[in-house]
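Enquirer: Okay, so here is target-v5.cif, and as you'll see once you scroll down, it has mmCIF, C-alpha atoms.
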data_coords
#
loop_
_atom_site.group_PDB
_atom_site.id
_atom_site.type_symbol
_atom_site.label_atom_id
_atom_site.label_comp_id
_atom_site.auth_asym_id
_atom_site.auth_seq_id
_atom_site.Cartn_x
_atom_site.Cartn_y
_atom_site.Cartn_z
ATOM 1 C CA MET A 891 0.000 0.000 0.000
ATOM 2 C CA LYS A 892 1.452 3.324 -1.124
ATOM 3 C CA THR A 893 0.606 6.160 1.207
ATOM 4 C CA ALA A 894 1.262 9.865 1.626
ATOM 5 C CA VAL A 895 0.997 12.189 4.603
ATOM 6 C CA ILE A 896 0.322 15.865 3.870
ATOM 7 C CA VAL A 897 2.398 18.234 5.989
ATOM 8 C CA PHE A 898 1.295 21.803 6.723
ATOM 9 C CA PRO A 899 3.122 24.420 8.748
ATOM 10 C CA GLY A 900 1.810 23.651 12.226
ATOM 11 C CA SER A 901 0.994 19.975 11.645
ATOM 12 C CA ASN A 902 2.168 18.019 14.681
ATOM 13 C CA CYS A 903 0.752 14.526 14.208
ATOM 14 C CA ASP A 904 2.289 14.006 10.779
ATOM 15 C CA ARG A 905 5.127 11.892 12.130
ATOM 16 C CA ASP A 906 2.848 9.865 14.410
ATOM 17 C CA MET A 907 0.753 9.153 11.324
ATOM 18 C CA ALA A 908 3.871 8.200 9.350
ATOM 19 C CA VAL A 909 4.997 5.790 12.080
ATOM 20 C CA ALA A 910 1.552 4.182 12.230
ATOM 21 C CA LEU A 911 1.444 3.752 8.443
ATOM 22 C CA ARG A 912 4.943 2.288 8.352
ATOM 23 C CA GLU A 913 4.150 -0.008 11.267
ATOM 24 C CA VAL A 914 1.072 -1.436 9.555
ATOM 25 C CA THR A 915 1.957 -1.304 5.844
ATOM 26 C CA GLY A 916 5.686 -2.012 6.165
ATOM 27 C CA ARG A 917 6.451 0.946 3.906
ATOM 28 C CA ASP A 918 7.358 4.524 4.654
ATOM 29 C CA PRO A 919 4.728 6.998 3.518
ATOM 30 C CA GLN A 920 5.743 9.920 1.348
ATOM 31 C CA MET A 921 5.646 13.168 3.264
ATOM 32 C CA VAL A 922 4.138 15.832 1.011
ATOM 33 C CA TRP A 923 4.634 19.515 1.829
ATOM 34 C CA HIS A 924 1.553 21.731 1.512
ATOM 35 C CA ARG A 925 3.081 23.842 -1.263
ATOM 36 C CA GLU A 926 3.278 20.878 -3.650
ATOM 37 C CA ALA A 927 0.765 21.186 -6.457
ATOM 38 C CA ALA A 928 0.905 17.491 -7.328
ATOM 39 C CA LEU A 929 0.842 14.259 -5.348
ATOM 40 C CA PRO A 930 3.042 11.206 -5.926
ATOM 41 C CA GLU A 931 1.644 8.782 -8.520
ATOM 42 C CA GLY A 932 -0.366 5.711 -7.603
ATOM 43 C CA LEU A 933 -1.282 6.518 -4.015
ATOM 44 C CA ASP A 934 -3.567 4.091 -2.182
ATOM 45 C CA LEU A 935 -4.137 6.419 0.758
ATOM 46 C CA ILE A 936 -3.716 10.106 1.557
ATOM 47 C CA ALA A 937 -3.559 11.044 5.234
ATOM 48 C CA VAL A 938 -4.303 14.601 6.363
ATOM 49 C CA PRO A 939 -2.844 14.678 9.866
ATOM 50 C CA GLY A 940 -3.670 16.451 13.092
ATOM 51 C CA GLY A 941 -2.073 19.551 14.526
ATOM 52 C CA PHE A 942 -2.609 23.265 14.326
ATOM 53 C CA SER A 943 -2.021 24.103 10.684
ATOM 54 C CA TYR A 944 -1.348 27.822 10.230
ATOM 55 C CA GLY A 945 -1.852 28.287 13.958
ATOM 56 C CA ASP A 946 -5.614 27.804 13.490
ATOM 57 C CA TYR A 947 -5.708 31.315 12.011
ATOM 58 C CA LEU A 948 -9.125 32.511 10.840
ATOM 59 C CA ARG A 949 -10.744 29.115 11.597
ATOM 60 C CA SER A 950 -9.212 25.712 12.328
ATOM 61 C CA GLY A 951 -8.232 24.221 8.985
ATOM 62 C CA ALA A 952 -9.343 27.261 6.950
ATOM 63 C CA MET A 953 -5.944 28.267 5.620
ATOM 64 C CA ALA A 954 -4.712 24.705 5.040
ATOM 65 C CA ALA A 955 -7.854 23.893 3.061
ATOM 66 C CA ARG A 956 -6.886 26.575 0.516
ATOM 67 C CA SER A 957 -3.233 25.527 0.156
ATOM 68 C CA PRO A 958 -2.032 24.265 -3.250
ATOM 69 C CA VAL A 959 -1.764 20.599 -2.263
ATOM 70 C CA MET A 960 -5.441 20.436 -1.287
ATOM 71 C CA ARG A 961 -6.501 20.920 -4.896
ATOM 72 C CA ALA A 962 -4.555 17.764 -5.726
ATOM 73 C CA VAL A 963 -6.072 15.982 -2.711
ATOM 74 C CA ALA A 964 -9.575 16.950 -3.868
ATOM 75 C CA GLU A 965 -8.853 15.632 -7.364
ATOM 76 C CA ALA A 966 -7.514 12.361 -5.954
ATOM 77 C CA ALA A 967 -10.585 12.053 -3.702
ATOM 78 C CA ASP A 968 -12.776 12.558 -6.791
ATOM 79 C CA ARG A 969 -10.965 9.683 -8.472
ATOM 80 C CA GLY A 970 -11.772 7.499 -5.459
ATOM 81 C CA VAL A 971 -8.425 7.511 -3.639
ATOM 82 C CA PRO A 972 -9.081 6.994 0.094
ATOM 83 C CA VAL A 973 -8.427 10.148 2.134
ATOM 84 C CA LEU A 974 -8.163 9.960 5.922
ATOM 85 C CA GLY A 975 -8.389 13.212 7.898
ATOM 86 C CA VAL A 976 -7.669 13.054 11.615
ATOM 87 C CA CYS A 977 -8.408 15.908 14.022
ATOM 88 C CA ASN A 978 -7.082 19.036 12.271
ATOM 89 C CA GLY A 979 -7.238 16.857 9.148
ATOM 90 C CA PHE A 980 -11.016 16.478 9.680
ATOM 91 C CA GLN A 981 -11.299 20.252 10.107
ATOM 92 C CA ILE A 982 -9.324 20.787 6.900
ATOM 93 C CA LEU A 983 -11.508 18.340 4.944
ATOM 94 C CA THR A 984 -14.716 20.109 6.036
ATOM 95 C CA GLU A 985 -13.204 23.519 5.257
ATOM 96 C CA ALA A 986 -12.178 22.195 1.838
ATOM 97 C CA GLY A 987 -15.730 21.015 1.198
ATOM 98 C CA LEU A 988 -14.715 17.354 0.921
ATOM 99 C CA LEU A 989 -16.931 16.571 3.910
ATOM 100 C CA PRO A 990 -20.131 18.355 4.994
ATOM 101 C CA GLY A 991 -20.574 20.400 8.162
ATOM 102 C CA ALA A 992 -18.095 22.253 10.323
ATOM 103 C CA LEU A 993 -16.127 21.731 13.541
ATOM 104 C CA MET A 994 -16.673 24.437 16.103
ATOM 105 C CA ARG A 995 -15.188 25.263 19.492
ATOM 106 C CA ASN A 996 -15.908 22.491 22.041
ATOM 107 C CA ALA A 997 -19.166 23.119 23.857
ATOM 108 C CA GLY A 998 -17.351 23.170 27.205
ATOM 109 C CA ILE A 999 -14.742 25.641 25.861
ATOM 110 C CA SER A 1000 -11.918 23.483 27.266
ATOM 111 C CA PHE A 1001 -9.342 21.638 25.219
ATOM 112 C CA VAL A 1002 -10.224 17.953 25.614
ATOM 113 C CA CYS A 1003 -7.292 15.538 25.779
ATOM 114 C CA ARG A 1004 -8.156 12.039 26.953
ATOM 115 C CA ASP A 1005 -9.152 8.553 25.918
ATOM 116 C CA VAL A 1006 -12.721 8.343 24.690
ATOM 117 C CA THR A 1007 -14.960 5.395 23.959
ATOM 118 C CA LEU A 1008 -16.295 5.307 20.430
ATOM 119 C CA ARG A 1009 -19.001 3.203 18.894
ATOM 120 C CA VAL A 1010 -18.254 1.947 15.411
ATOM 121 C CA GLU A 1011 -21.509 2.789 13.651
ATOM 122 C CA ASN A 1012 -20.735 1.351 10.270
ATOM 123 C CA SER A 1013 -18.052 -1.197 9.492
ATOM 124 C CA GLN A 1014 -18.803 -1.220 5.753
ATOM 125 C CA SER A 1015 -16.381 1.552 4.752
ATOM 126 C CA VAL A 1016 -12.797 0.949 3.665
ATOM 127 C CA PHE A 1017 -11.728 2.705 6.858
ATOM 128 C CA THR A 1018 -13.788 0.681 9.296
ATOM 129 C CA SER A 1019 -13.707 -2.804 7.814
ATOM 130 C CA GLY A 1020 -11.328 -3.884 10.572
ATOM 131 C CA TYR A 1021 -14.092 -3.356 13.129
ATOM 132 C CA ASP A 1022 -17.556 -4.760 13.748
ATOM 133 C CA SER A 1023 -20.594 -2.491 13.554
ATOM 134 C CA GLY A 1024 -21.705 -1.612 17.054
ATOM 135 C CA GLU A 1025 -18.298 -2.415 18.530
ATOM 136 C CA GLU A 1026 -16.920 -0.108 21.209
ATOM 137 C CA ILE A 1027 -13.316 0.977 20.916
ATOM 138 C CA VAL A 1028 -11.132 3.359 22.909
ATOM 139 C CA ILE A 1029 -9.052 5.968 21.098
ATOM 140 C CA PRO A 1030 -7.611 9.255 22.408
ATOM 141 C CA VAL A 1031 -8.851 12.704 21.424
ATOM 142 C CA ALA A 1032 -6.914 15.958 21.750
ATOM 143 C CA HIS A 1033 -8.753 18.963 20.375
ATOM 144 C CA HIS A 1034 -10.259 22.359 21.021
ATOM 145 C CA ASP A 1035 -12.530 22.519 17.995
ATOM 146 C CA GLY A 1036 -14.223 19.149 17.716
ATOM 147 C CA ASN A 1037 -17.828 20.175 18.099
ATOM 148 C CA TYR A 1038 -19.352 18.818 14.880
ATOM 149 C CA THR A 1039 -22.142 20.968 13.480
ATOM 150 C CA ALA A 1040 -24.347 20.665 10.414
ATOM 151 C CA ASP A 1041 -27.945 21.536 9.609
ATOM 152 C CA ALA A 1042 -30.622 19.005 10.536
ATOM 153 C CA GLU A 1043 -31.109 17.957 6.923
ATOM 154 C CA THR A 1044 -27.418 17.134 6.526
ATOM 155 C CA LEU A 1045 -27.368 15.244 9.829
ATOM 156 C CA ASP A 1046 -30.425 13.227 8.791
ATOM 157 C CA ARG A 1047 -28.778 12.415 5.487
ATOM 158 C CA LEU A 1048 -25.568 11.291 7.220
ATOM 159 C CA GLU A 1049 -27.611 9.040 9.496
ATOM 160 C CA GLY A 1050 -29.835 7.722 6.724
ATOM 161 C CA GLU A 1051 -26.948 6.903 4.403
ATOM 162 C CA GLY A 1052 -24.898 5.207 7.100
ATOM 163 C CA ARG A 1053 -22.177 7.803 6.803
ATOM 164 C CA ILE A 1054 -21.561 8.237 10.514
ATOM 165 C CA ALA A 1055 -18.495 6.060 11.000
ATOM 166 C CA PHE A 1056 -17.884 6.684 14.706
ATOM 167 C CA ARG A 1057 -19.966 8.125 17.514
ATOM 168 C CA TYR A 1058 -18.774 9.227 20.957
ATOM 169 C CA TRP A 1059 -20.027 7.070 23.773
ATOM 170 C CA GLY A 1060 -20.902 9.828 26.216
ATOM 171 C CA GLU A 1061 -20.429 13.571 26.082
ATOM 172 C CA VAL A 1062 -17.063 14.809 24.762
ATOM 173 C CA ASN A 1063 -17.344 18.131 22.958
ATOM 174 C CA GLY A 1064 -20.985 18.891 22.193
ATOM 175 C CA SER A 1065 -20.939 17.326 18.719
ATOM 176 C CA ALA A 1066 -24.302 17.059 17.010
ATOM 177 C CA ARG A 1067 -25.626 13.512 17.467
ATOM 178 C CA ASP A 1068 -22.330 12.590 19.164
ATOM 179 C CA ILE A 1069 -20.605 12.444 15.796
ATOM 180 C CA ALA A 1070 -16.899 11.611 16.030
ATOM 181 C CA GLY A 1071 -16.284 10.666 12.405
ATOM 182 C CA ILE A 1072 -18.098 10.751 9.057
ATOM 183 C CA VAL A 1073 -17.475 9.622 5.500
ATOM 184 C CA ASN A 1074 -18.325 11.374 2.232
ATOM 185 C CA GLU A 1075 -21.052 10.205 -0.125
ATOM 186 C CA ALA A 1076 -18.708 7.967 -2.113
ATOM 187 C CA GLY A 1077 -17.294 6.491 1.099
ATOM 188 C CA ASN A 1078 -13.637 7.150 0.266
ATOM 189 C CA VAL A 1079 -13.097 10.211 2.483
ATOM 190 C CA LEU A 1080 -13.180 9.820 6.278
ATOM 191 C CA GLY A 1081 -12.852 12.649 8.781
ATOM 192 C CA MET A 1082 -12.578 11.840 12.492
ATOM 193 C CA MET A 1083 -11.558 13.828 15.557
ATOM 194 C CA PRO A 1084 -10.063 10.918 17.582
ATOM 195 C CA HIS A 1085 -6.482 9.885 16.806
ATOM 196 C CA PRO A 1086 -6.225 6.250 15.652
ATOM 197 C CA GLU A 1087 -2.502 6.752 14.982
ATOM 198 C CA ARG A 1088 -2.014 7.294 18.712
ATOM 199 C CA ALA A 1089 -3.362 3.845 19.555
ATOM 200 C CA VAL A 1090 -1.340 1.529 17.339
ATOM 201 C CA GLU A 1091 1.427 -0.025 19.457
ATOM 202 C CA PRO A 1092 1.226 -1.629 22.920
ATOM 203 C CA ALA A 1093 3.539 1.153 24.142
ATOM 204 C CA HIS A 1094 0.731 3.611 23.374
ATOM 205 C CA GLY A 1095 -1.318 1.907 26.048
ATOM 206 C CA ARG A 1096 -4.021 0.982 23.554
ATOM 207 C CA THR A 1097 -4.090 -0.549 20.109
ATOM 208 C CA ASP A 1098 -7.699 -0.044 18.994
ATOM 209 C CA GLY A 1099 -6.581 2.412 16.305
ATOM 210 C CA ARG A 1100 -4.410 -0.183 14.631
ATOM 211 C CA ARG A 1101 -7.339 -2.027 13.103
ATOM 212 C CA LEU A 1102 -8.363 1.060 11.170
ATOM 213 C CA PHE A 1103 -5.037 0.938 9.320
ATOM 214 C CA GLU A 1104 -5.074 -2.869 9.062
ATOM 215 C CA GLY A 1105 -8.598 -2.744 7.646
ATOM 216 C CA LEU A 1106 -7.469 -0.172 5.083
ATOM 217 C CA LEU A 1107 -4.493 -2.307 4.130
ATOM 218 C CA GLU A 1108 -6.757 -5.279 3.580
ATOM 219 C CA ALA A 1109 -9.347 -3.241 1.688
ATOM 220 C CA VAL A 1110 -6.998 -1.428 -0.694
ATOM 221 C CA GLY A 1111 -4.013 -3.764 -0.688
ATOM 222 C CA MET B 667 -10.206 52.038 0.391
ATOM 223 C CA LYS B 668 -10.957 50.422 3.717
ATOM 224 C CA THR B 669 -13.580 47.731 3.709
ATOM 225 C CA ARG B 670 -14.864 45.962 6.751
ATOM 226 C CA VAL B 671 -16.187 42.432 6.777
ATOM 227 C CA TYR B 672 -18.217 41.368 9.806
ATOM 228 C CA VAL B 673 -18.411 37.616 10.283
ATOM 229 C CA THR B 674 -21.024 36.353 12.713
ATOM 230 C CA LEU B 675 -22.387 32.956 13.632
ATOM 231 C CA LYS B 676 -25.707 32.083 12.050
ATOM 232 C CA ASN B 677 -28.773 32.170 14.234
ATOM 233 C CA GLY B 678 -29.281 28.836 15.891
ATOM 234 C CA VAL B 679 -25.599 27.918 15.799
ATOM 235 C CA LEU B 680 -24.440 27.467 19.364
ATOM 236 C CA ASP B 681 -21.682 29.879 20.365
ATOM 237 C CA PRO B 682 -19.731 28.408 23.301
ATOM 238 C CA GLN B 683 -17.356 31.381 23.364
ATOM 239 C CA GLY B 684 -20.200 33.894 23.498
ATOM 240 C CA LYS B 685 -21.711 31.859 26.313
ATOM 241 C CA ALA B 686 -18.456 31.931 28.289
ATOM 242 C CA ILE B 687 -18.180 35.690 27.805
ATOM 243 C CA HIS B 688 -21.777 36.016 28.987
ATOM 244 C CA HIS B 689 -20.985 34.084 32.164
ATOM 245 C CA ALA B 690 -17.858 36.163 32.743
ATOM 246 C CA LEU B 691 -19.836 39.394 32.417
ATOM 247 C CA GLU B 692 -22.335 38.111 34.947
ATOM 248 C CA GLY B 693 -19.436 37.117 37.176
ATOM 249 C CA LEU B 694 -18.235 40.720 37.061
ATOM 250 C CA GLY B 695 -21.612 41.793 38.349
ATOM 251 C CA PHE B 696 -23.105 43.162 35.132
ATOM 252 C CA SER B 697 -26.799 42.435 35.025
ATOM 253 C CA GLY B 698 -29.273 42.667 32.177
ATOM 254 C CA VAL B 699 -27.065 40.912 29.627
ATOM 255 C CA ASN B 700 -29.542 38.691 27.801
ATOM 256 C CA ASP B 701 -27.169 37.024 25.366
ATOM 257 C CA VAL B 702 -23.665 37.325 23.908
ATOM 258 C CA ARG B 703 -22.570 36.257 20.434
ATOM 259 C CA GLN B 704 -18.958 36.564 19.379
ATOM 260 C CA GLY B 705 -17.930 37.329 15.810
ATOM 261 C CA LYS B 706 -15.003 38.648 13.818
ATOM 262 C CA LEU B 707 -14.176 41.933 12.191
ATOM 263 C CA ILE B 708 -11.817 41.718 9.220
ATOM 264 C CA GLU B 709 -10.489 44.962 7.756
ATOM 265 C CA LEU B 710 -9.354 44.979 4.153
ATOM 266 C CA ASP B 711 -7.456 47.778 2.453
ATOM 267 C CA LEU B 712 -8.583 47.448 -1.167
ATOM 268 C CA ALA B 713 -7.722 49.100 -4.443
ATOM 269 C CA ASP B 714 -10.637 51.031 -5.922
ATOM 270 C CA SER B 715 -10.718 48.549 -8.782
ATOM 271 C CA VAL B 716 -11.871 45.710 -6.494
ATOM 272 C CA SER B 717 -15.554 45.164 -7.177
ATOM 273 C CA ASP B 718 -18.291 44.374 -4.680
ATOM 274 C CA GLU B 719 -18.585 40.977 -6.332
ATOM 275 C CA ASP B 720 -14.899 40.337 -5.653
ATOM 276 C CA VAL B 721 -15.311 41.167 -1.974
ATOM 277 C CA GLU B 722 -18.324 38.912 -1.746
ATOM 278 C CA ALA B 723 -16.325 36.116 -3.395
ATOM 279 C CA MET B 724 -13.536 36.634 -0.833
ATOM 280 C CA CYS B 725 -16.101 36.200 1.927
ATOM 281 C CA ARG B 726 -17.675 33.107 0.428
ATOM 282 C CA ARG B 727 -14.405 31.410 -0.458
ATOM 283 C CA LEU B 728 -12.345 32.184 2.633
ATOM 284 C CA LEU B 729 -13.317 34.855 5.127
ATOM 285 C CA ALA B 730 -16.533 33.189 6.286
ATOM 286 C CA ASN B 731 -17.505 29.545 6.544
ATOM 287 C CA THR B 732 -21.062 29.809 5.244
ATOM 288 C CA VAL B 733 -21.972 26.468 6.830
ATOM 289 C CA ILE B 734 -22.016 28.198 10.212
ATOM 290 C CA GLU B 735 -21.365 31.901 9.597
ATOM 291 C CA ASN B 736 -22.990 34.946 7.980
ATOM 292 C CA PHE B 737 -21.031 37.908 6.698
ATOM 293 C CA ARG B 738 -21.775 41.582 6.176
ATOM 294 C CA ILE B 739 -19.630 43.831 4.010
ATOM 295 C CA GLU B 740 -19.189 47.523 4.780
ATOM 296 C CA ARG B 741 -17.339 49.290 1.999
ATOM 297 C CA GLY B 742 -15.544 52.596 2.110
ATOM 298 C CA ALA B 743 -15.334 52.961 5.879
ATOM 299 C CA GLN B 744 -12.788 55.777 5.690
ATOM 300 C CA GLY B 745 -10.149 55.730 8.378
ATOM 301 C CA ALA B 746 -11.520 52.458 9.695
ATOM 302 C CA ALA B 747 -8.094 51.266 10.758
ATOM 303 C CA GLN B 748 -7.500 54.156 13.163
#
What does this structure look like when you write it as structure tokens?
Expert:
Amino acid sequence: MKTAVIVFPGSNCDRDMAVALREVTGRDPQMVWHREAALPEGLDLIAVPGGFSYGDYLRSGAMAARSPVMRAVAEAADRGVPVLGVCNGFQILTEAGLLPGALMRNAGISFVCRDVTLRVENSQSVFTSGYDSGEEIVIPVAHHDGNYTADAETLDRLEGEGRIAFRYWGEVNGSARDIAGIVNEAGNVLGMMPHPERAVEPAHGRTDGRRLFEGLLEAVG
Amino acid sequence: MKTRVYVTLKNGVLDPQGKAIHHALEGLGFSGVNDVRQGKLIELDLADSVSDEDVEAMCRRLLANTVIENFRIERGAQGAAQ
């Protein structure tokens, strides 16, 4: 599996993501700087990592979403290449219009940094095939702007089309319908606030995130 | 020419920051504050050739996230930056 990790000024989970991808796929991902207008050929996965791209200026993810590389990411997503956005990556994907809705300041104002229990709502996507639907997993979150918001019609559509990948089990940040992760209409773009790349090795304390990458590897080869 | 863009949260969108400010005002002893909503003011210094349509496009494509925010453009606010 050939993978790439997009790196923005202010990304800080890019290397964690790279380690997780190497650990599971056995190959180093290509690190792609945000100024690149083109992506490497033949990618099987593009990861948009967490962090604080552009210092969260204007809105979290707003500046990164307009950087040159995101045009190439959008084109790849259109062609069906799987795109995984974690935390700031989720914010960037919504700002770029690759996923619906927006991520606002946490309802409790505080930065939330802890393990959370998630319910896998749909194990049919390429990102969640390593899990069972309805399964509970524990993955850490670390964010200030994770409060998922969309209009009722959009939320109903996400529910109806099975596009809610993960839901928080209990209150975390005020997200509408406890949404922790969603996929796009075609199913090849996933945005999630929790950090699966931080739960890959036993040394992390938890390994529930590993199956997301293993499932991807199995699904896309 | 100075142009001001006011970005505010849409009605119905919860504003946790406005809520915190509201609580802080009450904590300071100010009464009669019914609600607080926080927004942004963005000042642009524009060439005269920049059209209203251009400014609106700037708002739609970057300055505001129209999923959750409204914007209002105020053109020609002379000396706005002072």
Enquirer: So which residues get picked by the PyMOL selection byres ((chain B) within 7 of (chain A)) here, written as a tab-separated table (two decimals) with C-alpha atoms, keeping the file's coordinate frame?
Expert:
chain	number	residue	atom	x	y	z
B	682	PRO	CA	-19.73	28.41	23.30
B	683	GLN	CA	-17.36	31.38	23.36
B	733	VAL	CA	-21.97	26.47	6.83
Enquirer: Please identify all polymer residues within 7 Å of Cys1003 in chain A, counting only C-alpha atoms, omitting same-chain residues fewer than 6 positions from it, and present them as a list of chain:residue names.
Expert: A:Val1031, A:Ala1032, A:His1033
Enquirer: Using all atoms listed in the file, determine which residues lie at most 6 Å from Met667 in chain B, disregarding the query and same-chain residues fewer than 2 positions distant; provide the list as a list of chain:residue names.
Expert: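 Here the answer would be B:Asp711, B:Leu712, B:Gly742.
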Enquirer: May I have the protein, DNA and RNA residues with any atom at most 12 Å from the point (-19.9, 38.1, 16.6), counting all atoms listed in the file, written as an MDAnalysis selection string?
Expert: chainID B and resid 671:677 679:685 687 701:708 730 734:738
Enquirer: Name every residue that the PyMOL selection byres ((chain A and resi 1084-1098) around 10) selects in this structure, writing the answer as an MDAnalysis selection string with chains first and numbers rising.
Expert: chainID A and resid 903:911 913:914 939:940 975:977 980 1003:1008 1020:1021 1026:1033 1036 1056 1058 1070:1071 1081:1083 1099:1103
Enquirer: Which is closer to Val959 in chain A than all the others in A:Val971, A:Arg1053, A:Ile936, A:Tyr947, using only C-alpha atoms?
Expert: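 Of A:Val971, A:Arg1053, A:Ile936, A:Tyr947, the one nearest Val959 in chain A, counting only C-alpha atoms, is A:Ile936.
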Enquirer: Measuring atom to atom with all atoms listed in the file, identify which of A:Leu1045, A:Ala928, A:Ala962, A:Ile982 is nearest to Phe898 in chain A.
Expert: A:Ile982
Enquirer: Run through the PyMOL selection byres ((chain B and resi 669) around 6) on the given coordinates and return the selected residues as a list in words.
Expert: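 On the file shown, the PyMOL selection byres ((chain B and resi 669) around 6) covers Lys668, Arg670, Glu709, Leu710, Glu740, Arg741, Gly742 and Ala743 of chain B.
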Enquirer: Grab the CA of Arg1009 in chain A to CA of Glu1025 in chain A distance for me, in Å with one decimal place.
Expert: 5.7 Å
Enquirer: Would you pick out the contacts of Arg969 in chain A at 12 Å or less, using all atoms listed in the file, so that residues sharing its chain but fewer than 2 positions from it are not included, and give the list as a ChimeraX atom specification?
Expert: /A:932-935,962-967,971-973,1076-1079
Enquirer: So the first atom is CA of Val938 in chain A and the second is CA of Leu974 in chain A; what is the distance between them in Å, to one decimal place?
Expert: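 Interatomic distance here is 6.1 Å.
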Enquirer: Just need the box for range 948-962 of chain A, edges along x, y and z, holding every atom the file lists for it with 6 Å tacked onto each side, so centre and edge lengths in Å to one decimal, as JSON.
Expert:
{"center_x": -6.3, "center_y": 25.1, "center_z": 3.3, "size_x": 21.0, "size_y": 26.7, "size_z": 30.1}
